[in-house]
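K.L.:
This is the structure I want to talk about, given as structure tokens.
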Protein chains: 2
Amino acid sequence: MSSPVLECIPNISEGRDPAVVDRVVAAVAAVDGVTVLDHMSDTDHNRSVITFLGAPEAVLDGALALCRAAYEAIDMSRHSGAHPRFGAVDVLPLVPVRELSMDAAARYAHDLGRRIGELGVPVFFYEAAALSPERRDLAEVRRGQYEGLAERFAGGERPDAGPAQLNPRTGAIAVGARPPLIAFNVNLAGDDLVMAQRIADAVRSRTGGYECVKGMGVALPDKGQVQVSMNLTDFTRTPIHRVVETIRSEAARHGVPIVACELIGLAPLAAFEEVVRHYLQIPDFTSGQVIETHLL
Amino acid sequence: MSSPVLECIPNISEGRDPAVVDRVVAAVAAVDGVTVLDHMSDTDHNRSVITFLGAPEAVLDGALALCRAAYEAIDMSRHSGAHPRFGAVDVLPLVPVRELSMDAAARYAHDLGRRIGELGVPVFFYEAAALSPERRDLAEVRRGQYEGLAERFAGGERPDAGPAQLNPRTGAIAVGARPPLIAFNVNLAGDDLVMAQRIADAVRSRTGGYECVKGMGVALPDKGQVQVSMNLTDFTRTPIHRVVETIRSEAARHGVPIVACELIGLAPLAAFEEVVRHYLQIPDFTSGQVIETHLL
């Protein structure tokens, strides 16, 4: 009864003119079989994030419609903003939500990237869609930003699809495949920011913590709390409950309780399967036991 | 993006002839907009349970199609089986799964019941669909079973819809509305059945426990375990996690750990919202944060 679902979270280089953003979102929403979940703009970054999903073929059509609309409305040669960027559609990750492997999502990224390349735009594949190890990392793919593109191509660098030369209006695009990212915050009683940072260090990968956690300590003076603010980059390898329990244990050693946690935005149902399995001790629980999954 | 969903779990008085059960299930499945989730037969009970769901109007059509097929195929005057029963379609509960109040489900039950009554079948409304307090309880509605129906009508009792006289072929039907029922078992190490029964007593309503828990202790000699076997009759009033934590605490006082829990069959997504809220301490978590709910 179920069918494959792909999610797409393109970041476009326009966050100040709502009319432009609305036009780009409308181009996606007009594609049959695509559901737009959300879009958010940041004026400092001059950048917007759009989230949509559906059957893979519909999502690729939606992504291409988004690129066409963005390339028509946004001129990268006039863009300024605080966030690193190198294209009008700067980065376009595909996320396998249901009944899709990461390899399948990467193949869809390659298919989409070739179609975007045919529009005359240099395309770089990153993360799980990367064709070489040095292009896995988005920051490396985007190094030098828009302003550095001409020099990179002049130096002989070739994109993975599309022309090996600057398109001044569109810039370049990074098309990737990655697991769903879960934005998860843990709020702790008190104002001890040093402790919050230490606990963030305990759980994040770059300071010896869990492989798929990025994080930092943040002060929340209005609430009289501090926060461990995290991105869980692959819940199948580092599940939510394990991170929460580690933070609970580390905070308890300072005599500090968890006041509340926050899940920012959306997460896939599969991320909660392991929560149910762990705390309710149902070893073989699957989302197929949730009535609503039979309506999908 | 979401729309109302009603579930229907009719119990029919045929569990030995798969051809008859298949014909009845096929009659439901043929109705547009209805999804059959499951059907299970018990030969000792000579009874089958069918589970289907969909938009309310489609589910009522499916339920009526099921009744017609069952009344054609099953002759109650020849029925025998271990389970109490008073009709070819013995009991037909409607369960609001999504975006439906219990009152709305009860109104659908009344609508459906009147349509079944027009087939010449005496109809009794029970649980949330009951029109009087003494008909809330299914056992009371079904007292005397099929064999006692003629006497009840002769004594002046009237059904809630349909004729006040025995239909020998169809018997009567109980049409109701109720919350989804969750079958949940907790397996404990060791062979102490008295302890398992004591723990069941601690959590079930009739011995001082939680209002919406029915349960008993069961021996699992093959596993070397004992089990607290439960039905959670309304998870919105008595949530799963609270029952599990009480059992964990009671078992710990005997030095006995929970080995594993079992969720039998299906449960609605809303039942897991409170699990996530409790253990991950996300006070305002809702199923709207689950990506897949936006595909429904």
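By convention in this document, the chains of the structure tokens carry letters A, B, ... by their order, each chain's residues are numbered from 1, and ligands are numbered from 1 in the order they are shown.
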Output the contact residues of chain A with respect to chain B at a cut-off of 10 Å, based on only C-alpha atoms, as an NGL selection string.
P.N.:
:A and (1 or 5 or 7 or 34-37 or 53-54 or 97-98 or 184-187 or 240-241 or 244-245 or 258-273 or 275-296)
K.L.:
Using only C-alpha atoms, which residues sit within 9 Å of Asn167 of chain A once same-chain residues fewer than 3 positions away are excluded, as a list in words?
P.N.:
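Once the adjacent positions are removed, what remains is Gly120, Val121, Pro122, Ala150, Pro163, Thr170, Gly171 and Ala172 of chain A.
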K.L.:
Next, dump the selected residues to file, keeping only N, CA and C atoms, as a PDB file, in the first residue's frame.
P.N.:
ATOM      1  N   GLY A 120      22.560  24.716 -18.689  1.00  0.00           N
ATOM      2  CA  GLY A 120      23.756  25.544 -18.798  1.00  0.00           C
ATOM      3  C   GLY A 120      24.359  25.923 -17.454  1.00  0.00           C
ATOM      4  N   VAL A 121      24.088  25.118 -16.450  1.00  0.00           N
ATOM      5  CA  VAL A 121      24.546  25.416 -15.091  1.00  0.00           C
ATOM      6  C   VAL A 121      25.579  24.363 -14.665  1.00  0.00           C
ATOM      7  N   PRO A 122      26.746  24.783 -14.154  1.00  0.00           N
ATOM      8  CA  PRO A 122      27.707  23.808 -13.618  1.00  0.00           C
ATOM      9  C   PRO A 122      27.147  23.140 -12.351  1.00  0.00           C
ATOM     10  N   ALA A 150      34.880  31.438 -11.451  1.00  0.00           N
ATOM     11  CA  ALA A 150      35.576  31.664 -12.721  1.00  0.00           C
ATOM     12  C   ALA A 150      37.007  31.153 -12.623  1.00  0.00           C
ATOM     13  N   PRO A 163      28.269  22.749 -17.981  1.00  0.00           N
ATOM     14  CA  PRO A 163      29.476  23.307 -18.585  1.00  0.00           C
ATOM     15  C   PRO A 163      30.553  23.637 -17.561  1.00  0.00           C
ATOM     16  N   THR A 170      23.371  32.359 -13.085  1.00  0.00           N
ATOM     17  CA  THR A 170      22.918  31.261 -12.215  1.00  0.00           C
ATOM     18  C   THR A 170      23.949  30.858 -11.171  1.00  0.00           C
ATOM     19  N   GLY A 171      25.249  31.106 -11.418  1.00  0.00           N
ATOM     20  CA  GLY A 171      26.278  30.496 -10.595  1.00  0.00           C
ATOM     21  C   GLY A 171      26.233  28.985 -10.771  1.00  0.00           C
ATOM     22  N   ALA A 172      26.723  28.259  -9.759  1.00  0.00           N
ATOM     23  CA  ALA A 172      26.753  26.798  -9.801  1.00  0.00           C
ATOM     24  C   ALA A 172      25.703  26.235  -8.846  1.00  0.00           C
TER      25      ALA A 172
END
K.L.:
Mind listing the strand (DSSP E) residues of segment 136-184 of chain A, per DSSP on the backbone, as a PyMOL selection string?
P.N.:
chain A and resi 173-177+182-184
K.L.:
Which residues come within 7 Å of segment 215-232 of chain B, counting only C-alpha atoms, excluding same-chain residues fewer than 4 positions away, as a list of chain:residue names?
P.N.:
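In the requested format, the answer is B:Leu181, B:Ile182, B:Ala183, B:Phe184, B:Asn185, B:Val186, B:Asn187, B:Leu188, B:Ala189, B:Gly190, B:Asp191, B:Asp192, B:Leu193, B:Ala196, B:Gln197, B:Ala200, B:Arg204.
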K.L.:
For the selection just defined, write its residues with C-alpha atoms to a file, as a PDB file, in the first residue's frame.
P.N.:
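Final output, part14.pdb:
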ATOM      1  CA  LEU B 181      -8.053  -0.745  21.699  1.00  0.00           C
ATOM      2  CA  ILE B 182      -4.340  -1.452  22.160  1.00  0.00           C
ATOM      3  CA  ALA B 183      -3.290  -5.032  22.935  1.00  0.00           C
ATOM      4  CA  PHE B 184      -0.074  -4.730  24.934  1.00  0.00           C
ATOM      5  CA  ASN B 185       1.893  -7.404  26.794  1.00  0.00           C
ATOM      6  CA  VAL B 186       4.799  -7.056  29.221  1.00  0.00           C
ATOM      7  CA  ASN B 187       7.071 -10.104  29.562  1.00  0.00           C
ATOM      8  CA  LEU B 188       8.903 -10.568  32.868  1.00  0.00           C
ATOM      9  CA  ALA B 189      11.869 -12.820  33.641  1.00  0.00           C
ATOM     10  CA  GLY B 190      11.243 -15.989  35.663  1.00  0.00           C
ATOM     11  CA  ASP B 191       8.253 -18.250  36.277  1.00  0.00           C
ATOM     12  CA  ASP B 192       6.438 -16.473  39.118  1.00  0.00           C
ATOM     13  CA  LEU B 193       2.851 -16.449  37.824  1.00  0.00           C
ATOM     14  CA  ALA B 196       2.543 -11.571  37.251  1.00  0.00           C
ATOM     15  CA  GLN B 197      -1.073 -11.770  38.415  1.00  0.00           C
ATOM     16  CA  ALA B 200      -1.760  -7.257  36.513  1.00  0.00           C
ATOM     17  CA  ARG B 204      -6.024  -3.052  35.843  1.00  0.00           C
TER      18      ARG B 204
END
K.L.:
Can you pull out every residue within 12 Å of Asp32 of chain B, counting only C-alpha atoms, but drop anything in the same chain fewer than 3 positions away, and send it as a list in words?
P.N.:
Ala26, Ala27, Val28, Ala29, Thr35, Val36, Leu53, Gly54, Ala55, Pro56, Glu57, Ala58, Val59, Leu60, Asp61, Gly62 and Ala65 of chain B
K.L.:
For the selection just defined, write its residues with N, CA and C atoms to a file, as a PDB file, in the first residue's frame.
P.N.:
ATOM      1  N   ALA B  26     -13.952  -9.866   0.595  1.00  0.00           N
ATOM      2  CA  ALA B  26     -13.920  -9.341  -0.776  1.00  0.00           C
ATOM      3  C   ALA B  26     -15.011  -8.296  -0.984  1.00  0.00           C
ATOM      4  N   ALA B  27     -16.170  -8.513  -0.343  1.00  0.00           N
ATOM      5  CA  ALA B  27     -17.278  -7.548  -0.476  1.00  0.00           C
ATOM      6  C   ALA B  27     -16.872  -6.187   0.096  1.00  0.00           C
ATOM      7  N   VAL B  28     -16.110  -6.208   1.187  1.00  0.00           N
ATOM      8  CA  VAL B  28     -15.633  -4.946   1.774  1.00  0.00           C
ATOM      9  C   VAL B  28     -14.573  -4.322   0.877  1.00  0.00           C
ATOM     10  N   ALA B  29     -13.605  -5.156   0.467  1.00  0.00           N
ATOM     11  CA  ALA B  29     -12.467  -4.649  -0.305  1.00  0.00           C
ATOM     12  C   ALA B  29     -12.907  -4.046  -1.632  1.00  0.00           C
ATOM     13  N   THR B  35      -9.731   0.478   2.825  1.00  0.00           N
ATOM     14  CA  THR B  35      -8.529  -0.358   2.890  1.00  0.00           C
ATOM     15  C   THR B  35      -8.730  -1.438   3.950  1.00  0.00           C
ATOM     16  N   VAL B  36      -8.657  -2.712   3.534  1.00  0.00           N
ATOM     17  CA  VAL B  36      -8.743  -3.816   4.502  1.00  0.00           C
ATOM     18  C   VAL B  36      -7.346  -4.045   5.059  1.00  0.00           C
ATOM     19  N   LEU B  53     -10.492   0.367   7.100  1.00  0.00           N
ATOM     20  CA  LEU B  53     -10.630   1.788   7.391  1.00  0.00           C
ATOM     21  C   LEU B  53     -10.664   2.625   6.126  1.00  0.00           C
ATOM     22  N   GLY B  54     -10.935   3.918   6.306  1.00  0.00           N
ATOM     23  CA  GLY B  54     -11.035   4.841   5.182  1.00  0.00           C
ATOM     24  C   GLY B  54     -11.817   6.076   5.593  1.00  0.00           C
ATOM     25  N   ALA B  55     -12.221   6.859   4.617  1.00  0.00           N
ATOM     26  CA  ALA B  55     -13.091   7.998   4.891  1.00  0.00           C
ATOM     27  C   ALA B  55     -14.412   7.469   5.451  1.00  0.00           C
ATOM     28  N   PRO B  56     -15.052   8.204   6.383  1.00  0.00           N
ATOM     29  CA  PRO B  56     -16.238   7.675   7.062  1.00  0.00           C
ATOM     30  C   PRO B  56     -17.321   7.158   6.112  1.00  0.00           C
ATOM     31  N   GLU B  57     -17.629   7.906   5.055  1.00  0.00           N
ATOM     32  CA  GLU B  57     -18.717   7.490   4.165  1.00  0.00           C
ATOM     33  C   GLU B  57     -18.361   6.165   3.483  1.00  0.00           C
ATOM     34  N   ALA B  58     -17.107   6.037   3.050  1.00  0.00           N
ATOM     35  CA  ALA B  58     -16.666   4.799   2.409  1.00  0.00           C
ATOM     36  C   ALA B  58     -16.741   3.631   3.394  1.00  0.00           C
ATOM     37  N   VAL B  59     -16.377   3.896   4.664  1.00  0.00           N
ATOM     38  CA  VAL B  59     -16.387   2.831   5.672  1.00  0.00           C
ATOM     39  C   VAL B  59     -17.820   2.373   5.944  1.00  0.00           C
ATOM     40  N   LEU B  60     -18.767   3.321   5.978  1.00  0.00           N
ATOM     41  CA  LEU B  60     -20.168   2.913   6.175  1.00  0.00           C
ATOM     42  C   LEU B  60     -20.630   2.060   5.000  1.00  0.00           C
ATOM     43  N   ASP B  61     -20.270   2.450   3.779  1.00  0.00           N
ATOM     44  CA  ASP B  61     -20.617   1.635   2.605  1.00  0.00           C
ATOM     45  C   ASP B  61     -19.988   0.250   2.706  1.00  0.00           C
ATOM     46  N   GLY B  62     -18.714   0.214   3.139  1.00  0.00           N
ATOM     47  CA  GLY B  62     -18.024  -1.058   3.301  1.00  0.00           C
ATOM     48  C   GLY B  62     -18.698  -1.934   4.347  1.00  0.00           C
ATOM     49  N   ALA B  65     -21.879  -3.335   2.919  1.00  0.00           N
ATOM     50  CA  ALA B  65     -21.552  -4.403   1.963  1.00  0.00           C
ATOM     51  C   ALA B  65     -21.168  -5.677   2.710  1.00  0.00           C
TER      52      ALA B  65
END
K.L.:
Between atom CA of Phe52 of chain B and atom CA of Asp38 of chain B, what is the spacing in Å?
P.N.:
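Computing the Euclidean distance for atom CA of Asp38 of chain B and atom CA of Phe52 of chain B yields 7.1 Å.
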K.L.:
Excluding same-chain residues fewer than 2 positions from Thr233 of chain B, what lies within 10 Å of it counting only C-alpha atoms, as a PyMOL selection string?
P.N.:
chain B and resi 178-183+211-214+230-231+235-239
K.L.:
Take the residues from that selection and put them in a file with N, CA and C atoms, as a PDB file, in the first residue's frame.
P.N.:
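What landed in part-v9.pdb:
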ATOM      1  N   ARG B 178     -16.221   3.258  19.743  1.00  0.00           N
ATOM      2  CA  ARG B 178     -15.323   3.148  20.901  1.00  0.00           C
ATOM      3  C   ARG B 178     -13.934   3.645  20.523  1.00  0.00           C
ATOM      4  N   PRO B 179     -13.086   3.956  21.527  1.00  0.00           N
ATOM      5  CA  PRO B 179     -11.709   4.321  21.214  1.00  0.00           C
ATOM      6  C   PRO B 179     -10.960   3.105  20.671  1.00  0.00           C
ATOM      7  N   PRO B 180      -9.834   3.328  19.969  1.00  0.00           N
ATOM      8  CA  PRO B 180      -9.022   2.195  19.537  1.00  0.00           C
ATOM      9  C   PRO B 180      -8.507   1.435  20.741  1.00  0.00           C
ATOM     10  N   LEU B 181      -8.494   0.129  20.618  1.00  0.00           N
ATOM     11  CA  LEU B 181      -8.053  -0.745  21.699  1.00  0.00           C
ATOM     12  C   LEU B 181      -6.618  -1.181  21.391  1.00  0.00           C
ATOM     13  N   ILE B 182      -5.740  -1.062  22.366  1.00  0.00           N
ATOM     14  CA  ILE B 182      -4.340  -1.452  22.160  1.00  0.00           C
ATOM     15  C   ILE B 182      -4.055  -2.713  22.972  1.00  0.00           C
ATOM     16  N   ALA B 183      -3.658  -3.778  22.269  1.00  0.00           N
ATOM     17  CA  ALA B 183      -3.290  -5.032  22.935  1.00  0.00           C
ATOM     18  C   ALA B 183      -1.801  -4.985  23.231  1.00  0.00           C
ATOM     19  N   GLU B 211      -7.816   3.255  35.087  1.00  0.00           N
ATOM     20  CA  GLU B 211      -9.201   3.176  34.593  1.00  0.00           C
ATOM     21  C   GLU B 211      -9.339   2.380  33.299  1.00  0.00           C
ATOM     22  N   CYS B 212      -8.410   2.578  32.355  1.00  0.00           N
ATOM     23  CA  CYS B 212      -8.617   2.033  31.004  1.00  0.00           C
ATOM     24  C   CYS B 212      -7.704   0.851  30.705  1.00  0.00           C
ATOM     25  N   VAL B 213      -7.437   0.017  31.731  1.00  0.00           N
ATOM     26  CA  VAL B 213      -6.624  -1.187  31.545  1.00  0.00           C
ATOM     27  C   VAL B 213      -7.434  -2.404  31.972  1.00  0.00           C
ATOM     28  N   LYS B 214      -7.492  -3.410  31.071  1.00  0.00           N
ATOM     29  CA  LYS B 214      -7.949  -4.744  31.429  1.00  0.00           C
ATOM     30  C   LYS B 214      -6.729  -5.641  31.340  1.00  0.00           C
ATOM     31  N   MET B 230      -2.480  -7.363  28.483  1.00  0.00           N
ATOM     32  CA  MET B 230      -3.427  -6.264  28.717  1.00  0.00           C
ATOM     33  C   MET B 230      -4.152  -5.815  27.459  1.00  0.00           C
ATOM     34  N   ASN B 231      -5.331  -5.249  27.669  1.00  0.00           N
ATOM     35  CA  ASN B 231      -5.975  -4.401  26.682  1.00  0.00           C
ATOM     36  C   ASN B 231      -6.030  -2.991  27.258  1.00  0.00           C
ATOM     37  N   PHE B 235      -6.233   4.945  25.300  1.00  0.00           N
ATOM     38  CA  PHE B 235      -4.874   5.444  25.563  1.00  0.00           C
ATOM     39  C   PHE B 235      -4.864   6.944  25.829  1.00  0.00           C
ATOM     40  N   THR B 236      -5.942   7.657  25.475  1.00  0.00           N
ATOM     41  CA  THR B 236      -5.957   9.097  25.754  1.00  0.00           C
ATOM     42  C   THR B 236      -6.153   9.351  27.245  1.00  0.00           C
ATOM     43  N   ARG B 237      -6.735   8.380  27.960  1.00  0.00           N
ATOM     44  CA  ARG B 237      -6.945   8.539  29.404  1.00  0.00           C
ATOM     45  C   ARG B 237      -5.873   7.792  30.195  1.00  0.00           C
ATOM     46  N   THR B 238      -5.496   6.627  29.748  1.00  0.00           N
ATOM     47  CA  THR B 238      -4.430   5.854  30.389  1.00  0.00           C
ATOM     48  C   THR B 238      -3.369   5.574  29.322  1.00  0.00           C
ATOM     49  N   PRO B 239      -2.289   6.406  29.275  1.00  0.00           N
ATOM     50  CA  PRO B 239      -1.298   6.242  28.202  1.00  0.00           C
ATOM     51  C   PRO B 239      -0.378   5.042  28.426  1.00  0.00           C
TER      52      PRO B 239
END
